[in-house]
Protein chains: 2
Amino acid sequence: MSRTTTPLVLRLDRTARLPLALQLADQARRAIRTAALAPGARLPSSRALAAELGVARGVVEQAYDQLAAEGWVESRRGAGTFVARAIRHTPARSSGALRRDPAVEQRPPVLRLDSGSPWVDRRHHQGWTRAWRAVAADQPPMHYPDPAGLPGLREAVASHVSAHRGVVCTPDQVMITSGTAHALSLVLNELTPGAVAVEDPGYRAAVATALQQGWEVVDIPVDEEGLDVDALVRSPRSDIKAVYVTPAHQHPLGSVLSATRRTALIAESRRRDALVVEDDYDSEFRYDVAPLPALAQLGLDDVVYVGTASKTITPGLRIGWLITSAARVLDIAERRTARHDHPSWPVQRALQAMLEEGHVSRLVRSARRVYADRSRLVRERLSPHGRIAQPVAGMYLVLDISPRRVDHVVATAAREGIEVPSVADYCRTTSRSGLLIGFGGMSDDDLRRALDVLEAALRDSAGVDDEEPPKSGVLA
Amino acid sequence: MSRTTTPLVLRLDRTARLPLALQLADQARRAIRTAALAPGARLPSSRALAAELGVARGVVEQAYDQLAAEGWVESRRGAGTFVARAIRHTPARSSGALRRDPAVEQRPPVLRLDSGSPWVDRRHHQGWTRAWRAVAADQPPMHYPDPAGLPGLREAVASHVSAHRGVVCTPDQVMITSGTAHALSLVLNELTPGAVAVEDPGYRAAVATALQQGWEVVDIPVDEEGLDVDALVRSPRSDIKAVYVTPAHQHPLGSVLSATRRTALIAESRRRDALVVEDDYDSEFRYDVAPLPALAQLGLDDVVYVGTASKTITPGLRIGWLITSAARVLDIAERRTARHDHPSWPVQRALQAMLEEGHVSRLVRSARRVYADRSRLVRERLSPHGRIAQPVAGMYLVLDISPRRVDHVVATAAREGIEVPSVADYCRTTSRSGLLIGFGGMSDDDLRRALDVLEAALRDSAGVDDEEPPKSGVLA
């Protein structure tokens, strides 16, 4: 047992943010951990060390108290302070290969034509400002909020959804979520894990959510009438517990689920005792007639209706809702409570204000007009180069061209700083080719610039289908 | 094929929010679905129906266009409008037993002494207001935010955690979360599912999160030195992939993980190739010496450090952080992107403002003083009635009394509108008895009132251990 006083090499930095006592404790701890100070070793007295370092004795005492509280050292009355005996030493493990963080990388300015970024009319910024000022003025609650959502917000959502989407429901059938994928996650979490049927091509975040949650995904093809319900009926899988669909505006192909298929889908889901999850992401933005009625109108016992504020206000808000039977809302709320998965109070408070004072309705009305105009413009400019189905709603169109032309246009546009998603990126087992032209989250000028680039690239790509495929082989 | 015009029984409500055309379409749809209108049946001409209902012809045309777009009806040029042939009828399924929503139930006013509700000094309300006014003034972003968090916030968290907790890290080692349980969920989602070791008694939301995610939970007992690391070492389970601990202030028993056990825990987690998840929920609020250094100081390759704003600002904010190696942050961010699990932009923006302008530090400093005073008061009043370990930090204490006294006090307090959690509620395989006295989320007056009730109940309960157990049996 070594009882000699061990010299500590200490460097206190008086300009650092960390108080001197903490610096001292830190360095002593490191010395103990790396065995520079051995178990059982005696530390200098607080008086001696303070004199040596030129600090008040209280600083050293505070550091020693700290180390004692943590168990690194032991004080024995009259004898001094000693390094604890039972410390194991942990050599630093080499750190893993450090990759660069893409978020902080320098990137060339890129205009993304993605299908999920909305146009938000800055002329209505007042509504945003007022809502957050209401949050600023309120006292935050002391406890966790109700996992189903603020009562006032659930009421505002119920009346919004009934006015805009004809889904008639009571506030206790509404649950506030963090967006569409979160809603799907909540629903799957209620069910015995199995398989979920998803449109192919379809919404990738839904597939990722299901897979990450340990579910299997059954891909069901899509045509101009939406999900191919017959393919679902024919599926031999007996463990399909949920069907995820975008009936009002199939993502990404844009078709509408026909009435025949709607009733067939409900019948088939009942036969399988599976829940239908209806993702109604952008149908407020229907151009021609009023938005299609939701599948949820066929009954909230069979359907979970899922909506989001991402497309009307901003994707960065991360708030949405699900609507289903009140009993199912209670079940989900119970499980959310258990794991403290509550919706954020300020975001709920702000959304409630935005709904109540008409901000959301104003945004929907002006965005709908802008999307109708922009979709006409995009069709005018691009339809000479490929098929574009008559759009029904929303902030994107699909241009149907061959895979080789897709590759050509994507590459050409990328060189001009324009990112165009390919439909193939949304396919898992099917093969569809085309470009997804999102026209929401940008200015009119940016859209025109993007269309100039795309038009030129499309014109230029007209011949690629007739070219010989590139030769391959060792001597090519 | 019936070609007769079917009379529709329609009731349009001119005072309703829903436009007349939508009401009309709704009612026609219901008639088709319930087979009141048969497949193939002809609808009245728009002119005739408009005249009959006393509305503009355009209203009826709009309704018919809508129904046609949805596929419920078909228009044949020159012949009229017909109900589509291939509609299946879906009788309404009887809805499940409706339970009452506890959130909207009338409850007597209850004072909850829970361990998770903080005291938030209203004198610092300015900082809250300023932060949300900054959000109000900003333009919301058009795209999804970085799933790891806003760069400025990650930087602010890195310097907060280094100043308050001595965890030295770079912003790319910080990820913004929706709170502690969400952080655990993100970490588990990265690992091959297996078992997670959790303190028993311990944090129930961590257990619920793991179980709901399909993980098994291995319960490790706790004593006055924190997690019993030897019990972990002895565990025969070979699939423990993560260890969830509250080293600075064990939840709920309040002990501190000793230095010996800290190094042993790291060594054992390396041996098992398991990650340590360090939940550092309330250690800013240490009374006596500076907060204990985080386990994370032993190396961010082995440890994921988890913090939250729930205890400093408000639980309703739903924001927190995890700190680990930059490589692991990137891995988690990639999976979050795939399922659109981004932290909410306004909440991040506000937290960044609150950290940068010192609001959080001010709240921590005044709450720490209040907790130190309140913990002294609670000990003074209640320690004559049971053992209370010297508290080190935070907003709750544990009163060690027998199970029968616990039952007596909980029941007596409940009658006075005071809810006191029992330690047994946090136990899974161990049996500990005592009361958890939270003193954060309430006024001084409420606390005094609660202590009066508790003191009287405790005095009153002194004899229950000596009483005969209640007789049972048919003839008792």
# chains A, B, ... in the order shown; residues from 1 in each chain; ligands from 1

call {"tool": "closest_atom_pairs", "arguments": {"of": "chain A", "to": "chain B", "cutoff": "6 Å", "atoms": "only C-alpha atoms", "output": "Markdown table"}}
result
| residue | atom | partner | partner_atom | distance |
| --- | --- | --- | --- | --- |
| A:Gln66 | CA | B:Val289 | CA | 5.8 |
| A:Glu70 | CA | B:Ser258 | CA | 5.5 |
| A:Gly71 | CA | B:Ala259 | CA | 4.6 |
| A:Trp72 | CA | B:Ala259 | CA | 5.2 |
| A:Ala86 | CA | B:Thr260 | CA | 5.6 |
| A:Ile87 | CA | B:Thr260 | CA | 4.8 |
| A:Arg88 | CA | B:Thr263 | CA | 5.6 |
| A:Leu98 | CA | B:Ala327 | CA | 5.7 |
| A:Ser117 | CA | B:His143 | CA | 5.7 |
| A:Thr129 | CA | B:Ala136 | CA | 4.3 |
| A:Trp132 | CA | B:Ala136 | CA | 5.0 |
| A:Arg133 | CA | B:Arg133 | CA | 5.9 |
| A:Ala136 | CA | B:Thr129 | CA | 4.3 |
| A:Met142 | CA | B:Gly441 | CA | 5.8 |
| A:His143 | CA | B:Ser117 | CA | 5.6 |
| A:Tyr144 | CA | B:Gly316 | CA | 5.2 |
| A:Pro145 | CA | B:Gly316 | CA | 5.9 |
| A:Ala163 | CA | B:Leu18 | CA | 5.8 |
| A:Ala205 | CA | B:Arg339 | CA | 4.3 |
| A:Ala208 | CA | B:Arg339 | CA | 5.4 |
| A:Thr209 | CA | B:Arg339 | CA | 5.2 |
| A:Ser258 | CA | B:Gly71 | CA | 5.1 |
| A:Ala259 | CA | B:Gly71 | CA | 4.6 |
| A:Thr260 | CA | B:Ile87 | CA | 4.9 |
| A:Thr263 | CA | B:Arg88 | CA | 5.6 |
| A:Val289 | CA | B:Gln66 | CA | 5.8 |
| A:Pro315 | CA | B:Tyr144 | CA | 5.3 |
| A:Gly316 | CA | B:Trp345 | CA | 5.0 |
| A:Leu317 | CA | B:Ser344 | CA | 5.2 |
| A:Arg318 | CA | B:Ser344 | CA | 5.2 |
| A:Ala327 | CA | B:Leu98 | CA | 5.7 |
| A:Ala338 | CA | B:Ala205 | CA | 5.6 |
| A:Arg339 | CA | B:Ala205 | CA | 4.3 |
| A:Ser344 | CA | B:Arg318 | CA | 5.2 |
| A:Trp345 | CA | B:Gly316 | CA | 5.0 |
| A:Gly441 | CA | B:Met142 | CA | 5.9 |

call {"tool": "select_by_dssp", "arguments": {"residues": "range 128-358 of chain A", "states": "alpha helix (DSSP H)", "output": "MDAnalysis selection string"}}
result
chainID A and resid 128:137 151:165 180:190 204:212 229:234 259:272 326:338 345:356

call {"tool": "select_by_dssp", "arguments": {"residues": "range 243-399 of chain A", "states": "strand (DSSP E)", "output": "PDB file with N, CA, C and O atoms, in the first residue's frame"}}
result
ATOM      1  N   VAL A 243     -52.848  -2.056 -44.805  1.00  0.00           N
ATOM      2  CA  VAL A 243     -52.671  -1.684 -46.209  1.00  0.00           C
ATOM      3  C   VAL A 243     -52.474  -0.174 -46.241  1.00  0.00           C
ATOM      4  O   VAL A 243     -53.329   0.568 -45.743  1.00  0.00           O
ATOM      5  N   TYR A 244     -51.358   0.253 -46.788  1.00  0.00           N
ATOM      6  CA  TYR A 244     -51.034   1.677 -46.817  1.00  0.00           C
ATOM      7  C   TYR A 244     -51.315   2.205 -48.212  1.00  0.00           C
ATOM      8  O   TYR A 244     -50.719   1.748 -49.183  1.00  0.00           O
ATOM      9  N   VAL A 245     -52.233   3.149 -48.332  1.00  0.00           N
ATOM     10  CA  VAL A 245     -52.619   3.665 -49.659  1.00  0.00           C
ATOM     11  C   VAL A 245     -52.711   5.183 -49.685  1.00  0.00           C
ATOM     12  O   VAL A 245     -52.957   5.827 -48.662  1.00  0.00           O
ATOM     13  N   LEU A 275     -56.124  -3.365 -41.315  1.00  0.00           N
ATOM     14  CA  LEU A 275     -56.489  -1.950 -41.259  1.00  0.00           C
ATOM     15  C   LEU A 275     -56.052  -1.259 -42.544  1.00  0.00           C
ATOM     16  O   LEU A 275     -54.959  -1.530 -43.042  1.00  0.00           O
ATOM     17  N   VAL A 276     -56.858  -0.335 -43.026  1.00  0.00           N
ATOM     18  CA  VAL A 276     -56.440   0.502 -44.146  1.00  0.00           C
ATOM     19  C   VAL A 276     -55.889   1.810 -43.585  1.00  0.00           C
ATOM     20  O   VAL A 276     -56.543   2.461 -42.778  1.00  0.00           O
ATOM     21  N   VAL A 277     -54.665   2.162 -43.972  1.00  0.00           N
ATOM     22  CA  VAL A 277     -54.100   3.449 -43.591  1.00  0.00           C
ATOM     23  C   VAL A 277     -54.156   4.342 -44.822  1.00  0.00           C
ATOM     24  O   VAL A 277     -53.504   4.067 -45.826  1.00  0.00           O
ATOM     25  N   GLU A 278     -54.984   5.364 -44.736  1.00  0.00           N
ATOM     26  CA  GLU A 278     -55.222   6.256 -45.870  1.00  0.00           C
ATOM     27  C   GLU A 278     -54.369   7.505 -45.733  1.00  0.00           C
ATOM     28  O   GLU A 278     -54.653   8.366 -44.902  1.00  0.00           O
ATOM     29  N   ASP A 279     -53.330   7.598 -46.527  1.00  0.00           N
ATOM     30  CA  ASP A 279     -52.456   8.767 -46.502  1.00  0.00           C
ATOM     31  C   ASP A 279     -53.032   9.812 -47.463  1.00  0.00           C
ATOM     32  O   ASP A 279     -53.022   9.630 -48.672  1.00  0.00           O
ATOM     33  N   VAL A 303     -60.608   2.124 -41.243  1.00  0.00           N
ATOM     34  CA  VAL A 303     -59.644   3.020 -41.867  1.00  0.00           C
ATOM     35  C   VAL A 303     -59.004   3.920 -40.814  1.00  0.00           C
ATOM     36  O   VAL A 303     -59.678   4.391 -39.902  1.00  0.00           O
ATOM     37  N   VAL A 304     -57.698   4.133 -40.944  1.00  0.00           N
ATOM     38  CA  VAL A 304     -57.041   5.212 -40.221  1.00  0.00           C
ATOM     39  C   VAL A 304     -56.701   6.269 -41.259  1.00  0.00           C
ATOM     40  O   VAL A 304     -55.928   6.012 -42.189  1.00  0.00           O
ATOM     41  N   TYR A 305     -57.305   7.426 -41.116  1.00  0.00           N
ATOM     42  CA  TYR A 305     -57.082   8.526 -42.048  1.00  0.00           C
ATOM     43  C   TYR A 305     -55.900   9.340 -41.534  1.00  0.00           C
ATOM     44  O   TYR A 305     -55.848   9.689 -40.347  1.00  0.00           O
ATOM     45  N   VAL A 306     -54.945   9.647 -42.410  1.00  0.00           N
ATOM     46  CA  VAL A 306     -53.714  10.304 -41.978  1.00  0.00           C
ATOM     47  C   VAL A 306     -53.509  11.604 -42.759  1.00  0.00           C
ATOM     48  O   VAL A 306     -53.504  11.582 -43.991  1.00  0.00           O
ATOM     49  N   GLY A 307     -53.370  12.708 -42.062  1.00  0.00           N
ATOM     50  CA  GLY A 307     -53.126  13.997 -42.713  1.00  0.00           C
ATOM     51  C   GLY A 307     -51.914  14.686 -42.117  1.00  0.00           C
ATOM     52  O   GLY A 307     -51.397  14.274 -41.076  1.00  0.00           O
ATOM     53  N   THR A 308     -51.457  15.739 -42.777  1.00  0.00           N
ATOM     54  CA  THR A 308     -50.223  16.387 -42.347  1.00  0.00           C
ATOM     55  C   THR A 308     -50.273  17.878 -42.610  1.00  0.00           C
ATOM     56  O   THR A 308     -50.935  18.320 -43.544  1.00  0.00           O
ATOM     57  N   GLY A 320     -48.937  16.501 -37.652  1.00  0.00           N
ATOM     58  CA  GLY A 320     -49.993  15.984 -38.502  1.00  0.00           C
ATOM     59  C   GLY A 320     -51.056  15.374 -37.614  1.00  0.00           C
ATOM     60  O   GLY A 320     -51.101  15.648 -36.416  1.00  0.00           O
ATOM     61  N   TRP A 321     -51.933  14.552 -38.198  1.00  0.00           N
ATOM     62  CA  TRP A 321     -53.004  13.960 -37.406  1.00  0.00           C
ATOM     63  C   TRP A 321     -53.391  12.625 -37.989  1.00  0.00           C
ATOM     64  O   TRP A 321     -53.135  12.332 -39.161  1.00  0.00           O
ATOM     65  N   LEU A 322     -53.957  11.793 -37.137  1.00  0.00           N
ATOM     66  CA  LEU A 322     -54.622  10.603 -37.639  1.00  0.00           C
ATOM     67  C   LEU A 322     -56.031  10.615 -37.082  1.00  0.00           C
ATOM     68  O   LEU A 322     -56.293  11.147 -35.993  1.00  0.00           O
ATOM     69  N   ILE A 323     -56.954  10.046 -37.865  1.00  0.00           N
ATOM     70  CA  ILE A 323     -58.358  10.022 -37.481  1.00  0.00           C
ATOM     71  C   ILE A 323     -58.854   8.594 -37.643  1.00  0.00           C
ATOM     72  O   ILE A 323     -58.656   7.973 -38.689  1.00  0.00           O
ATOM     73  N   ARG A 387     -45.351  11.690 -72.282  1.00  0.00           N
ATOM     74  CA  ARG A 387     -46.733  11.699 -71.830  1.00  0.00           C
ATOM     75  C   ARG A 387     -46.806  12.259 -70.399  1.00  0.00           C
ATOM     76  O   ARG A 387     -46.040  11.842 -69.526  1.00  0.00           O
ATOM     77  N   ILE A 388     -47.737  13.173 -70.184  1.00  0.00           N
ATOM     78  CA  ILE A 388     -48.025  13.642 -68.821  1.00  0.00           C
ATOM     79  C   ILE A 388     -49.504  13.436 -68.587  1.00  0.00           C
ATOM     80  O   ILE A 388     -50.324  14.044 -69.272  1.00  0.00           O
ATOM     81  N   TYR A 396     -46.773  18.215 -57.923  1.00  0.00           N
ATOM     82  CA  TYR A 396     -45.822  17.539 -58.813  1.00  0.00           C
ATOM     83  C   TYR A 396     -46.576  16.865 -59.954  1.00  0.00           C
ATOM     84  O   TYR A 396     -47.790  16.655 -59.883  1.00  0.00           O
ATOM     85  N   LEU A 397     -45.836  16.549 -61.011  1.00  0.00           N
ATOM     86  CA  LEU A 397     -46.368  15.836 -62.175  1.00  0.00           C
ATOM     87  C   LEU A 397     -45.393  14.732 -62.520  1.00  0.00           C
ATOM     88  O   LEU A 397     -44.224  14.786 -62.146  1.00  0.00           O
ATOM     89  N   VAL A 398     -45.878  13.751 -63.280  1.00  0.00           N
ATOM     90  CA  VAL A 398     -44.987  12.685 -63.735  1.00  0.00           C
ATOM     91  C   VAL A 398     -44.888  12.730 -65.249  1.00  0.00           C
ATOM     92  O   VAL A 398     -45.909  12.758 -65.946  1.00  0.00           O
ATOM     93  N   LEU A 399     -43.666  12.780 -65.755  1.00  0.00           N
ATOM     94  CA  LEU A 399     -43.407  12.755 -67.192  1.00  0.00           C
ATOM     95  C   LEU A 399     -42.939  11.352 -67.548  1.00  0.00           C
ATOM     96  O   LEU A 399     -41.911  10.878 -67.059  1.00  0.00           O
TER      97      LEU A 399
END

call {"tool": "closest_residue", "arguments": {"among": "B:Leu454, B:Leu447, B:Ala41, B:Leu227", "to": "Tyr371 in chain B", "atoms": "only C-alpha atoms"}}
result
B:Leu447

call {"tool": "closest_residue", "arguments": {"among": "A:Pro44, A:Ser422, A:Ser461, A:Leu363", "to": "Gly386 in chain A", "atoms": "only C-alpha atoms"}}
result
A:Ser461

call {"tool": "atom_distance", "arguments": {"atom1": "CA of Leu188 in chain B", "atom2": "CA of Val222 in chain B"}}
result
22.5 Å

call {"tool": "residues_around", "arguments": {"residues": "range 372-377 of chain A", "least_positions_apart": "5", "cutoff": "8 Å", "atoms": "only C-alpha atoms", "output": "ChimeraX atom specification"}}
result
/A:287,391,393,395-397,439

call {"tool": "closest_residue", "arguments": {"among": "B:Val187, B:Val218, B:Leu451, B:Ala353", "to": "Asp331 in chain B", "atoms": "only C-alpha atoms"}}
result
B:Val187
